[in-house]
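Undergrad: This is the structure I want to talk about, given as structure tokens.
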Amino acid sequence: MTGARGQYLSALGIRRWRQRAPRADAGQPPATDSSAGAAARPGPAPRPEVPTATHAGVERLGWEELAERVPACTACELHRSRHNTVFGTGDVRADWLFVGEAPGAEEDRTGEPFVGRAGQLLTAMLAALDLERGQVYIANVLKCRPPENRDPMGDEVACCEPYLHRQVTLIEPRMIIALGRFAAQSLLKSSEPISRLRGRVHRYGPYDCPLVVTYHPAYLLRNPAEKRKTWADLCLARENLG
């Protein structure tokens, strides 16, 4: 396992296994942050009221009922262009919950979160923590793909939010990892850039679960120099596992 771990750490730009404290420049914005959005870009739009008829009783649903409700959802316009909803996958009693922004084209095709090259890097990130995908739960803020992978809109986030809230309640994770700017801002209801949200432990809403922000794997593929900051974030999360 040591050799395999070394390969995974190498994929993250880390030469050897050791815990790293967040770097002193963690508060400085990176030159670009295309996958998570530029630091100066505004956060998610204000959330309108969620249609009560569409989400009535979501807070009481079990896993099977929730998994049936999501594919039937027509609360926002994204249902018109989707091929598949992407509900989430993994251990429904996991200690770790990883939350991304929204499905991409491949996820929309397969119905699974984080597939393709970004998914492979996420798998490597998990392996560096001695975790497998089946030991964590992986979900997105949105269950449907926005056209052309554009940023989610406020009403879309509002319509999907009850589903994610219910997933968190059912999982009862000990740590949430927000992957990328939009996931972080949506979960924390913040407009701060990701450079200011990284490097510290937040608490997630009414569940008071520890939450750590890091870069999205797709962003890391385009900006490999930021992998060391991501490793620092993962170490911070491991040290503060609730």
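Residue numbering restarts at 1 for every chain of the structure tokens, chains are lettered A, B, ... in their displayed order, and ligands are numbered from 1 as they appear.
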For Leu142 of chain A, list every protein, DNA or RNA residue within 8 Å, evaluated using only C-alpha atoms, and leave out those in the same chain fewer than 4 positions away; present the list as a list in words.
TA: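 My reading of the contact set: Glu101, Ala102, Pro103, Pro152, Glu156, Val157, Cys160 and Glu161 of chain A.
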Undergrad: Could you save those same residues with C-alpha atoms as a JSON list (two decimals), in the first residue's frame?
TA:
[["chain", "number", "residue", "atom", "x", "y", "z"],
["A", 101, "GLU", "CA", -20.81, 22.02, -7.96],
["A", 102, "ALA", "CA", -22.93, 20.31, -10.62],
["A", 103, "PRO", "CA", -22.77, 17.40, -13.04],
["A", 152, "PRO", "CA", -25.80, 27.24, -11.50],
["A", 156, "GLU", "CA", -31.70, 26.09, -9.50],
["A", 157, "VAL", "CA", -29.69, 25.96, -6.28],
["A", 160, "CYS", "CA", -31.95, 21.33, -5.27],
["A", 161, "GLU", "CA", -31.00, 22.50, -1.79]]
Undergrad: What are the DSSP alpha helix (DSSP H) residues of segment 106-196 of chain A, as number ranges by chain?
TA: A: 106-110, 116-128, 154-171, 181-188, 194-196
Undergrad: So how far away is atom CA of Val70 of chain A from atom CA of Tyr163 of chain A, in Å?
TA: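 Computing it gives 7.6 Å between the two atoms.
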Undergrad: Could you name the residues that touch Ala105 of chain A at 10 Å or less, counting only C-alpha atoms, but leaving out those on the same chain fewer than 6 positions away, as a list in words?
TA: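 Selected residues are Arg82, His83, Gly111, Val115, Gly116, Arg145, Pro146, Pro147, Glu148 and Asn149 of chain A.
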Undergrad: Calculate how many Å separate atom CA of Ala127 of chain A from atom CA of Ala225 of chain A, rounding to one decimal.
TA: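 Value for the atom CA of Ala127 of chain A-atom CA of Ala225 of chain A distance: 19.5 Å.
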Undergrad: Grab the atom CA of Thr110 of chain A to atom CA of Glu65 of chain A distance for me, in Å with one decimal place.
TA: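 Atom CA of Thr110 of chain A sits 20.9 Å away from atom CA of Glu65 of chain A.
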Undergrad: Closest to Val92 of chain A among A:Met125, A:Ala184, A:Ile177, A:Val136, using only C-alpha atoms?
TA: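 Closest to Val92 of chain A of all the choices is A:Val136.
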Undergrad: Looking at only C-alpha atoms, which of A:Leu179, A:Ala124, A:Leu221, A:Cys144 is the one that sits closest to Phe87 of chain A?
TA: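 For Phe87 of chain A, the nearest of the candidates is A:Cys144.
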Undergrad: Could you name the residues that touch Arg200 of chain A at 9 Å or less, counting only C-alpha atoms, but leaving out those on the same chain fewer than 6 positions away, as an mmCIF file with C-alpha atoms, in the first residue's frame?
TA:
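Done, and the output landed in around.cif:
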data_model
loop_
_atom_site.group_PDB
_atom_site.id
_atom_site.type_symbol
_atom_site.label_atom_id
_atom_site.label_comp_id
_atom_site.auth_asym_id
_atom_site.auth_seq_id
_atom_site.Cartn_x
_atom_site.Cartn_y
_atom_site.Cartn_z
ATOM 1 C CA PRO A 22 -1.948 25.450 5.523
ATOM 2 C CA LEU A 211 -16.592 21.782 6.595
ATOM 3 C CA VAL A 212 -13.314 22.406 4.760
ATOM 4 C CA VAL A 213 -13.040 24.146 1.390
ATOM 5 C CA ASP A 233 -6.694 21.347 2.952
ATOM 6 C CA LEU A 236 -6.620 20.088 7.808
ATOM 7 C CA ALA A 237 -9.841 18.164 7.281
#
Undergrad: Can you pull out the residues contacting Gly62 of chain A? Cut-off 12 Å, using only C-alpha atoms, and skip same-chain residues under 4 positions away; I want them as a PyMOL selection string.
TA: chain A and resi 57-58+66-69+92+163+166-171
Undergrad: Give me every strand (DSSP E or B) residue in segment 167-203 of chain A, going by DSSP on the backbone, as a ChimeraX atom specification.
TA: /A:175-179,202-203
Undergrad: List the spatial neighbours of Gln135 of chain A as an mmCIF file with N, CA and C atoms, in the first residue's frame - criterion: any atom at most 8 Å away, only C-alpha atoms, same-chain residues fewer than 5 positions off excluded.
TA:
data_model
loop_
_atom_site.group_PDB
_atom_site.id
_atom_site.type_symbol
_atom_site.label_atom_id
_atom_site.label_comp_id
_atom_site.auth_asym_id
_atom_site.auth_seq_id
_atom_site.Cartn_x
_atom_site.Cartn_y
_atom_site.Cartn_z
ATOM 1 N N GLY A 90 -21.934 6.324 -2.960
ATOM 2 C CA GLY A 90 -21.002 6.013 -1.888
ATOM 3 C C GLY A 90 -21.685 5.414 -0.677
ATOM 4 N N ASP A 91 -20.993 5.477 0.446
ATOM 5 C CA ASP A 91 -21.473 4.929 1.706
ATOM 6 C C ASP A 91 -22.459 5.910 2.340
ATOM 7 N N ALA A 94 -21.252 7.350 5.644
ATOM 8 C CA ALA A 94 -19.836 7.707 5.578
ATOM 9 C C ALA A 94 -19.475 8.812 6.561
ATOM 10 N N TRP A 96 -17.056 10.909 5.674
ATOM 11 C CA TRP A 96 -16.652 11.991 4.778
ATOM 12 C C TRP A 96 -17.712 12.202 3.705
#
Undergrad: Excluding same-chain residues fewer than 4 positions from Cys209 of chain A, what lies within 9 Å of it counting only C-alpha atoms, as a PyMOL selection string?
TA: chain A and resi 172-176+202-205+242
Undergrad: Put those residues in a file: C-alpha atoms, as an mmCIF file, in the first residue's frame.
TA:
data_model
loop_
_atom_site.group_PDB
_atom_site.id
_atom_site.type_symbol
_atom_site.label_atom_id
_atom_site.label_comp_id
_atom_site.auth_asym_id
_atom_site.auth_seq_id
_atom_site.Cartn_x
_atom_site.Cartn_y
_atom_site.Cartn_z
ATOM 1 C CA GLU A 172 -24.567 12.445 9.378
ATOM 2 C CA PRO A 173 -20.985 12.955 8.114
ATOM 3 C CA ARG A 174 -18.138 13.888 10.393
ATOM 4 C CA MET A 175 -16.523 16.078 7.718
ATOM 5 C CA ILE A 176 -17.752 17.843 4.584
ATOM 6 C CA HIS A 202 -16.231 26.114 8.851
ATOM 7 C CA ARG A 203 -19.466 24.707 10.266
ATOM 8 C CA TYR A 204 -22.251 23.617 7.965
ATOM 9 C CA GLY A 205 -25.641 25.133 8.689
ATOM 10 C CA GLY A 242 -15.688 15.696 13.794
#
